[in-house]
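A.B. asks: My questions will all concern the structure given below.
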Amino acid sequence: MSSSADIHTNGNGNAQHEHILRPRAVKPTNPAVLRTMSEEGLLAAENVQNGSISGQTSGRSTPVPADAPPSVQSISSARKQLRAEQRRRLFPTIEYASRVSHFDPNSDYRDFQGFYILFWIALTIMAITTMLRNIKDTGYPMRVQIWQLFTVKVWELALADGLMVFTTAISLPLHRLFRSKLGNMLGLRWQGGGMALQSIYQTVWFAFWVALPFNREWTWTAQVFLTLHTLVLLMKMHSYAFYNGHLSETERRLKALDEPSTASKAPAYQYPSAGHTPTSEEREKKDADDLSRLREDLAIELTSPMGSVTYPKNLTWANYTDYIFCPTLCYELEYPRTPGIVWTELGYKILAVFGVIFLLTITSEEFILPVMIESAYRLETVTSFSETALILAESISMLLFPFMITFLLVFLVIFEYVLGAFAEITCFADRHFYSDWWNSTDWLEFSREWNIPVHHFFRRHVYSASRPHIGRPMATLITFLISAIGHEIVMACITKKIRGYGFLAQMSQLPIVMLQRTKWIKGKRVLNNVCFWCSMILGLSMMCSLYVLC
């Protein structure tokens, strides 16, 4: 009785063929490997040694004459290759090829989702083991020092935050005033007093909301939240006011062209000169073409890139409210949208926000706060500089890993979950909030890819606005200077101290970038990436130790 595993003999039942074995049909092997073997003549040699290899014919094939036409030879070669694909060795053959590993720099493999999952599993293990240790030591799963801070004056924080958002809306009626006849009569055109009035309001508004938490003696958690939200709303308000101010002047120029004799003919964009001196006829034709081209350029400037919204139809409360909730810092007339809200995705991101905050609190409560308390107590008992330096060095070393985890969690909760949730709520389609900053080789690259919304704002409203007046190097310096001041304000809110460590550290990035872009270091991506990560991890723990302990 036979089975599917039995081995059958080739041929027509003759005894002389019983020594030739044929395996059952299997899936064809890799065509690319067989094609290579065919090109190298390996299959032909095996056919000569083993005879016919087809399981569908009598085991023999008619040879093709050497002088046969190329078409006949091609068909014969194709038939041989197809027969070879049905053949498999009795003993399994391993297919080897020239390949690189997934982590090789030359590899095109980019899917490391498993490591992302492993990261979350590791954090879950950390949280569980921490809670079990706390139950053993104190009888409670968590400590309550930082958790209690979240409930102090929480309603006062909510009221102040809502009022702060509401007061940004003054930009809309101000802008309507700037483009009205009354504003023109009062000298409040945007290019006149309008820009100055808006700038004064923003300055007073920002100073008030930064000072309020200090006067109300809020906890550092509430103060940091309000300060970060204040910076976000300041950038949003600035972008809304200055972009619409630009559009109001563009609209004014376009209307003025209805009377070409008195209107300005300056181009909307600076086009390069062709270097040719035109004749009088060419000049008249060029003037007519330039006027038509200028009208077209100004009209395009007043229309959104997608063509659905035109200034000033965007000056509505609905448009402003939508912009406030959209996860962007740069105002546009229109944004790309998704078909609708995916509620499961929104629920997942909201749940993830609270989950990451929970992990951040555990990390701070268990691994950062105890180190700071112990180090502060030890510093009160030492007198020599060497002992102080030793305590600081020990504190920095013990905070390296906790701050690395904290940094990654802060990145995820802001750029992946909070911004993602608001993008889902507003159906905001462009969710490219960050790029692969973890591969950065210098601090300029990191600043471009770590926080894309802020990078877009600084490039549009700081760097590009100042570069025509002061040049590229000074524009870069001004951009870093404003960013460093913002970071220093945040650190002052956390620690209630103004020390300038963060400001100096960020401004020192510019000479470091210049060094990294020299011919001796530029191009060494692995080395520069290692330096980036080392300075990032060391800088975070060092800043915390210096601000808290010194």
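The chains in the structure tokens are called A, B, ... from first to last as shown; in each chain the residues are counted from 1, and the ligands are counted from 1 in the order shown.
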Check region 137-328 of chain A with DSSP on the backbone and list each residue it calls helix (DSSP H, G or I), as a ChimeraX atom specification.

C.D. replies: /A:137-138,147-151,154-168,171-178,181-185,190-216,220-256,280-301,317-325

A.B. asks: CA of Asn215 (chain A) and CA of Glu365 (chain A) are how many Å apart?

C.D. replies: 26.6 Å

A.B. asks: For Ala207 (chain A), which residue among A:Ala66, A:Leu234, A:Met126, A:Met195 is the nearest when counting only C-alpha atoms?

C.D. replies: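 Closest to Ala207 (chain A), using only C-alpha atoms: A:Leu234.
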
A.B. asks: Need the shell around Pro453 (chain A): protein/DNA/RNA residues with any atom at most 12 Å away, counting only C-alpha atoms. Skip same-chain ones fewer than 2 positions apart. Format as a PDB file with N, CA and C atoms, in the first residue's frame?

C.D. replies:
```
ATOM      1  N   VAL A 232       3.083  78.623  22.494  1.00  0.00           N
ATOM      2  CA  VAL A 232       2.383  78.125  21.306  1.00  0.00           C
ATOM      3  C   VAL A 232       1.394  79.159  20.787  1.00  0.00           C
ATOM      4  N   MET A 235       3.053  82.216  19.087  1.00  0.00           N
ATOM      5  CA  MET A 235       3.474  81.962  17.714  1.00  0.00           C
ATOM      6  C   MET A 235       2.279  81.885  16.777  1.00  0.00           C
ATOM      7  N   LYS A 236       1.195  81.283  17.230  1.00  0.00           N
ATOM      8  CA  LYS A 236      -0.007  81.216  16.400  1.00  0.00           C
ATOM      9  C   LYS A 236      -0.555  82.623  16.132  1.00  0.00           C
ATOM     10  N   SER A 239       1.732  84.543  13.688  1.00  0.00           N
ATOM     11  CA  SER A 239       1.620  84.083  12.308  1.00  0.00           C
ATOM     12  C   SER A 239       0.311  84.536  11.678  1.00  0.00           C
ATOM     13  N   CYS A 326      -6.025  73.694  15.087  1.00  0.00           N
ATOM     14  CA  CYS A 326      -5.196  72.914  14.155  1.00  0.00           C
ATOM     15  C   CYS A 326      -3.776  72.790  14.706  1.00  0.00           C
ATOM     16  N   PRO A 327      -3.144  71.623  14.564  1.00  0.00           N
ATOM     17  CA  PRO A 327      -1.789  71.420  15.097  1.00  0.00           C
ATOM     18  C   PRO A 327      -0.721  72.020  14.190  1.00  0.00           C
ATOM     19  N   THR A 328      -0.744  73.325  14.056  1.00  0.00           N
ATOM     20  CA  THR A 328       0.251  74.035  13.264  1.00  0.00           C
ATOM     21  C   THR A 328       0.476  75.399  13.872  1.00  0.00           C
ATOM     22  N   LEU A 329       1.653  75.968  13.634  1.00  0.00           N
ATOM     23  CA  LEU A 329       1.986  77.293  14.138  1.00  0.00           C
ATOM     24  C   LEU A 329       2.029  78.334  13.032  1.00  0.00           C
ATOM     25  N   CYS A 330       1.860  77.918  11.789  1.00  0.00           N
ATOM     26  CA  CYS A 330       1.906  78.828  10.641  1.00  0.00           C
ATOM     27  C   CYS A 330       0.522  78.912  10.007  1.00  0.00           C
ATOM     28  N   TYR A 331       0.004  80.122   9.916  1.00  0.00           N
ATOM     29  CA  TYR A 331      -1.337  80.309   9.373  1.00  0.00           C
ATOM     30  C   TYR A 331      -1.314  80.227   7.851  1.00  0.00           C
ATOM     31  N   ILE A 414       3.992  64.659  22.943  1.00  0.00           N
ATOM     32  CA  ILE A 414       3.680  65.917  22.259  1.00  0.00           C
ATOM     33  C   ILE A 414       3.469  65.698  20.764  1.00  0.00           C
ATOM     34  N   PHE A 415       4.464  65.145  20.102  1.00  0.00           N
ATOM     35  CA  PHE A 415       4.456  65.133  18.640  1.00  0.00           C
ATOM     36  C   PHE A 415       3.694  63.960  18.031  1.00  0.00           C
ATOM     37  N   LEU A 419      -0.444  66.215  19.337  1.00  0.00           N
ATOM     38  CA  LEU A 419      -0.657  66.801  18.008  1.00  0.00           C
ATOM     39  C   LEU A 419      -1.467  65.878  17.115  1.00  0.00           C
ATOM     40  N   ASP A 430      -2.061  66.952   7.156  1.00  0.00           N
ATOM     41  CA  ASP A 430      -0.596  66.951   7.161  1.00  0.00           C
ATOM     42  C   ASP A 430      -0.100  66.678   8.574  1.00  0.00           C
ATOM     43  N   ARG A 431       0.292  65.453   8.841  1.00  0.00           N
ATOM     44  CA  ARG A 431       0.695  65.058  10.184  1.00  0.00           C
ATOM     45  C   ARG A 431       2.195  64.775  10.268  1.00  0.00           C
ATOM     46  N   HIS A 432       2.932  65.474   9.431  1.00  0.00           N
ATOM     47  CA  HIS A 432       4.394  65.339   9.432  1.00  0.00           C
ATOM     48  C   HIS A 432       4.952  66.299  10.483  1.00  0.00           C
ATOM     49  N   PHE A 433       4.799  65.928  11.751  1.00  0.00           N
ATOM     50  CA  PHE A 433       5.215  66.803  12.848  1.00  0.00           C
ATOM     51  C   PHE A 433       6.682  66.636  13.203  1.00  0.00           C
ATOM     52  N   TYR A 434       7.308  65.600  12.747  1.00  0.00           N
ATOM     53  CA  TYR A 434       8.724  65.359  13.019  1.00  0.00           C
ATOM     54  C   TYR A 434       9.289  64.477  11.915  1.00  0.00           C
ATOM     55  N   SER A 435      10.586  64.510  11.796  1.00  0.00           N
ATOM     56  CA  SER A 435      11.263  63.646  10.845  1.00  0.00           C
ATOM     57  C   SER A 435      12.210  62.729  11.621  1.00  0.00           C
ATOM     58  N   SER A 447      17.418  70.609  14.871  1.00  0.00           N
ATOM     59  CA  SER A 447      16.420  71.670  15.025  1.00  0.00           C
ATOM     60  C   SER A 447      15.421  71.676  13.874  1.00  0.00           C
ATOM     61  N   ARG A 448      15.825  71.207  12.705  1.00  0.00           N
ATOM     62  CA  ARG A 448      14.913  71.140  11.569  1.00  0.00           C
ATOM     63  C   ARG A 448      13.966  69.952  11.658  1.00  0.00           C
ATOM     64  N   GLU A 449      14.402  68.855  12.241  1.00  0.00           N
ATOM     65  CA  GLU A 449      13.653  67.606  12.151  1.00  0.00           C
ATOM     66  C   GLU A 449      12.976  67.190  13.446  1.00  0.00           C
ATOM     67  N   TRP A 450      13.400  67.730  14.593  1.00  0.00           N
ATOM     68  CA  TRP A 450      12.828  67.313  15.863  1.00  0.00           C
ATOM     69  C   TRP A 450      11.444  67.940  16.077  1.00  0.00           C
ATOM     70  N   ASN A 451      11.265  69.189  15.676  1.00  0.00           N
ATOM     71  CA  ASN A 451      10.019  69.905  15.911  1.00  0.00           C
ATOM     72  C   ASN A 451       9.688  70.686  14.645  1.00  0.00           C
ATOM     73  N   HIS A 455      10.011  74.652  13.632  1.00  0.00           N
ATOM     74  CA  HIS A 455      10.995  74.951  12.585  1.00  0.00           C
ATOM     75  C   HIS A 455      10.359  75.762  11.458  1.00  0.00           C
ATOM     76  N   HIS A 456       9.157  75.366  11.033  1.00  0.00           N
ATOM     77  CA  HIS A 456       8.469  76.126   9.986  1.00  0.00           C
ATOM     78  C   HIS A 456       8.198  77.555  10.430  1.00  0.00           C
ATOM     79  N   PHE A 457       7.791  77.748  11.690  1.00  0.00           N
ATOM     80  CA  PHE A 457       7.511  79.090  12.177  1.00  0.00           C
ATOM     81  C   PHE A 457       8.774  79.952  12.175  1.00  0.00           C
ATOM     82  N   PHE A 458       9.855  79.419  12.731  1.00  0.00           N
ATOM     83  CA  PHE A 458      11.094  80.205  12.802  1.00  0.00           C
ATOM     84  C   PHE A 458      11.652  80.488  11.408  1.00  0.00           C
ATOM     85  N   ARG A 459      11.535  79.541  10.525  1.00  0.00           N
ATOM     86  CA  ARG A 459      12.052  79.774   9.175  1.00  0.00           C
ATOM     87  C   ARG A 459      11.217  80.821   8.442  1.00  0.00           C
ATOM     88  N   ARG A 460       9.921  80.813   8.660  1.00  0.00           N
ATOM     89  CA  ARG A 460       9.039  81.723   7.926  1.00  0.00           C
ATOM     90  C   ARG A 460       9.007  83.111   8.537  1.00  0.00           C
TER      91      ARG A 460
END
```

A.B. asks: Go through A:Leu247, A:Ile537, A:Leu390, A:Ile170 and flag the residue nearest Lys313 (chain A), using only C-alpha atoms for the distances.

C.D. replies: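 Among the listed residues, A:Leu247 lies closest to Lys313 (chain A).
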
A.B. asks: As a list in words, please: the residues near Arg179 (chain A) (cut-off 12 Å, only C-alpha atoms, same-chain neighbours under 6 positions excluded).

C.D. replies: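 Listing them by chain and then by number gives Leu172, Pro173, Met185, Leu186, Gly187, Leu188, Arg189, Trp190, Gln191, Gly192, Gly193, Gly194, Met195, Ala241, Asn244, Gly245, His246, Leu247, Ser248, Glu249, Thr250, Glu251, Arg252, Tyr311, Pro312 and Leu315 of chain A.
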
A.B. asks: Could you tell me how far CA of Thr168 (chain A) sits from CA of Thr338 (chain A), in Å to one decimal place?

C.D. replies: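 Atom-to-atom, CA of Thr338 (chain A) and CA of Thr168 (chain A) are spaced 26.9 Å apart.
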
A.B. asks: Grab the CA of Ala389 (chain A) to CA of Leu510 (chain A) distance for me, in Å with one decimal place.

C.D. replies: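 Calculated distance between CA of Ala389 (chain A) and CA of Leu510 (chain A) is 27.3 Å.
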
A.B. asks: In terms of the shortest atom-to-atom distance over only C-alpha atoms, which of A:Tyr323, A:Leu546, A:Ala423, A:Ile75 is closest to Ser395 (chain A)?

C.D. replies: A:Leu546

A.B. asks: Can you tell me, as a ChimeraX atom specification, what residues are no more than 12 Å from Tyr501 (chain A) when counting only C-alpha atoms, ignoring any on the same chain fewer than 5 positions away?

C.D. replies: /A:484-485,487-489,491-492,506-508,539-540,542-548,550

A.B. asks: Generate the output file for the selected residues, N, CA, C and O atoms, as a compact mmCIF listing (two decimals), in the first residue's frame.

C.D. replies:
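Saved file again.txt follows:
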```txt
# COMPACT_ATOMS: atom_id res chain seq x y z
N ALA A 484 16.75 80.23 22.12
CA ALA A 484 17.42 80.05 23.40
C ALA A 484 16.72 80.81 24.52
O ALA A 484 16.60 80.32 25.65
N ILE A 485 16.22 82.01 24.23
CA ILE A 485 15.47 82.77 25.23
C ILE A 485 14.20 82.04 25.63
O ILE A 485 13.84 81.97 26.81
N HIS A 487 13.67 78.77 25.55
CA HIS A 487 14.03 77.63 26.39
C HIS A 487 14.41 78.08 27.81
O HIS A 487 14.09 77.39 28.79
N GLU A 488 15.08 79.20 27.91
CA GLU A 488 15.46 79.70 29.23
C GLU A 488 14.24 80.10 30.04
O GLU A 488 14.20 79.89 31.27
N ILE A 489 13.24 80.65 29.39
CA ILE A 489 12.00 81.01 30.09
C ILE A 489 11.33 79.75 30.65
O ILE A 489 10.84 79.73 31.79
N MET A 491 12.81 76.91 31.48
CA MET A 491 13.60 76.42 32.62
C MET A 491 13.40 77.29 33.85
O MET A 491 13.38 76.79 34.99
N ALA A 492 13.22 78.58 33.67
CA ALA A 492 12.97 79.46 34.80
C ALA A 492 11.63 79.15 35.45
O ALA A 492 11.49 79.24 36.68
N GLN A 506 22.50 76.27 24.48
CA GLN A 506 21.93 76.30 23.14
C GLN A 506 22.73 77.20 22.21
O GLN A 506 22.90 76.87 21.04
N MET A 507 23.20 78.32 22.69
CA MET A 507 24.00 79.19 21.83
C MET A 507 25.33 78.56 21.47
O MET A 507 25.92 78.87 20.43
N SER A 508 25.83 77.66 22.33
CA SER A 508 27.09 76.98 22.01
C SER A 508 26.93 75.97 20.89
O SER A 508 27.93 75.44 20.38
N GLY A 539 23.61 66.47 28.21
CA GLY A 539 23.13 67.83 28.41
C GLY A 539 21.85 67.89 29.23
O GLY A 539 21.69 68.78 30.08
N LEU A 540 20.93 66.95 29.02
CA LEU A 540 19.67 66.97 29.77
C LEU A 540 19.90 66.79 31.26
O LEU A 540 19.39 67.56 32.09
N MET A 542 22.71 67.15 32.90
CA MET A 542 23.56 68.22 33.42
C MET A 542 22.75 69.49 33.66
O MET A 542 22.93 70.18 34.68
N MET A 543 21.83 69.84 32.73
CA MET A 543 21.01 71.02 32.91
C MET A 543 20.14 70.90 34.17
O MET A 543 20.00 71.84 34.94
N CYS A 544 19.55 69.72 34.36
CA CYS A 544 18.71 69.52 35.54
C CYS A 544 19.52 69.66 36.82
O CYS A 544 19.10 70.35 37.76
N SER A 545 20.69 69.05 36.86
CA SER A 545 21.51 69.11 38.07
C SER A 545 21.97 70.54 38.36
O SER A 545 21.94 70.99 39.51
N LEU A 546 22.36 71.26 37.32
CA LEU A 546 22.85 72.63 37.54
C LEU A 546 21.73 73.57 37.98
O LEU A 546 21.91 74.39 38.88
N TYR A 547 20.56 73.45 37.34
CA TYR A 547 19.47 74.35 37.69
C TYR A 547 18.91 74.06 39.08
O TYR A 547 18.57 74.98 39.83
N VAL A 548 18.80 72.78 39.43
CA VAL A 548 18.18 72.42 40.70
C VAL A 548 19.15 72.57 41.86
O VAL A 548 18.79 73.05 42.94
N CYS A 550 22.32 74.17 41.89
CA CYS A 550 23.23 75.32 41.95
C CYS A 550 22.46 76.64 41.90
O CYS A 550 21.38 76.72 41.34
```

A.B. asks: Excluding Ile350 (chain A) and residues on its chain fewer than 6 positions from it, collect all residues at most 8 Å away from it, counting only C-alpha atoms, and give them as number ranges by chain.

C.D. replies: A: 417-418, 421

A.B. asks: Write out as number ranges by chain each polymer residue whose atoms come within 10 Å of Leu212 (chain A), counting only C-alpha atoms; drop sequence neighbours fewer than 3 positions from it.

C.D. replies: A: 160, 207-209, 215-218, 223, 226-227

A.B. asks: Considering only C-alpha atoms, give me a table of residues in region 327-438 of chain A that are at most 12 Å from region 297-310 of chain A, with the closest atom pair and distance in Å for each, as JSON lines.

C.D. replies:
```
{"residue": "A:Tyr331", "atom": "CA", "partner": "A:Ser304", "partner_atom": "CA", "distance": 11.1}
{"residue": "A:Glu332", "atom": "CA", "partner": "A:Ser304", "partner_atom": "CA", "distance": 7.4}
{"residue": "A:Leu333", "atom": "CA", "partner": "A:Ser304", "partner_atom": "CA", "distance": 5.3}
{"residue": "A:Glu334", "atom": "CA", "partner": "A:Ser304", "partner_atom": "CA", "distance": 5.9}
{"residue": "A:Tyr335", "atom": "CA", "partner": "A:Met306", "partner_atom": "CA", "distance": 8.2}
{"residue": "A:Pro336", "atom": "CA", "partner": "A:Met306", "partner_atom": "CA", "distance": 8.2}
{"residue": "A:Arg337", "atom": "CA", "partner": "A:Met306", "partner_atom": "CA", "distance": 11.1}
```

A.B. asks: Which is closest to Thr495 (chain A) among A:Ser180, A:Gln202, A:Thr221, A:Ser77, if we use only C-alpha atoms?

C.D. replies: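 With only C-alpha atoms as the atom set, the closest residue is A:Thr221.
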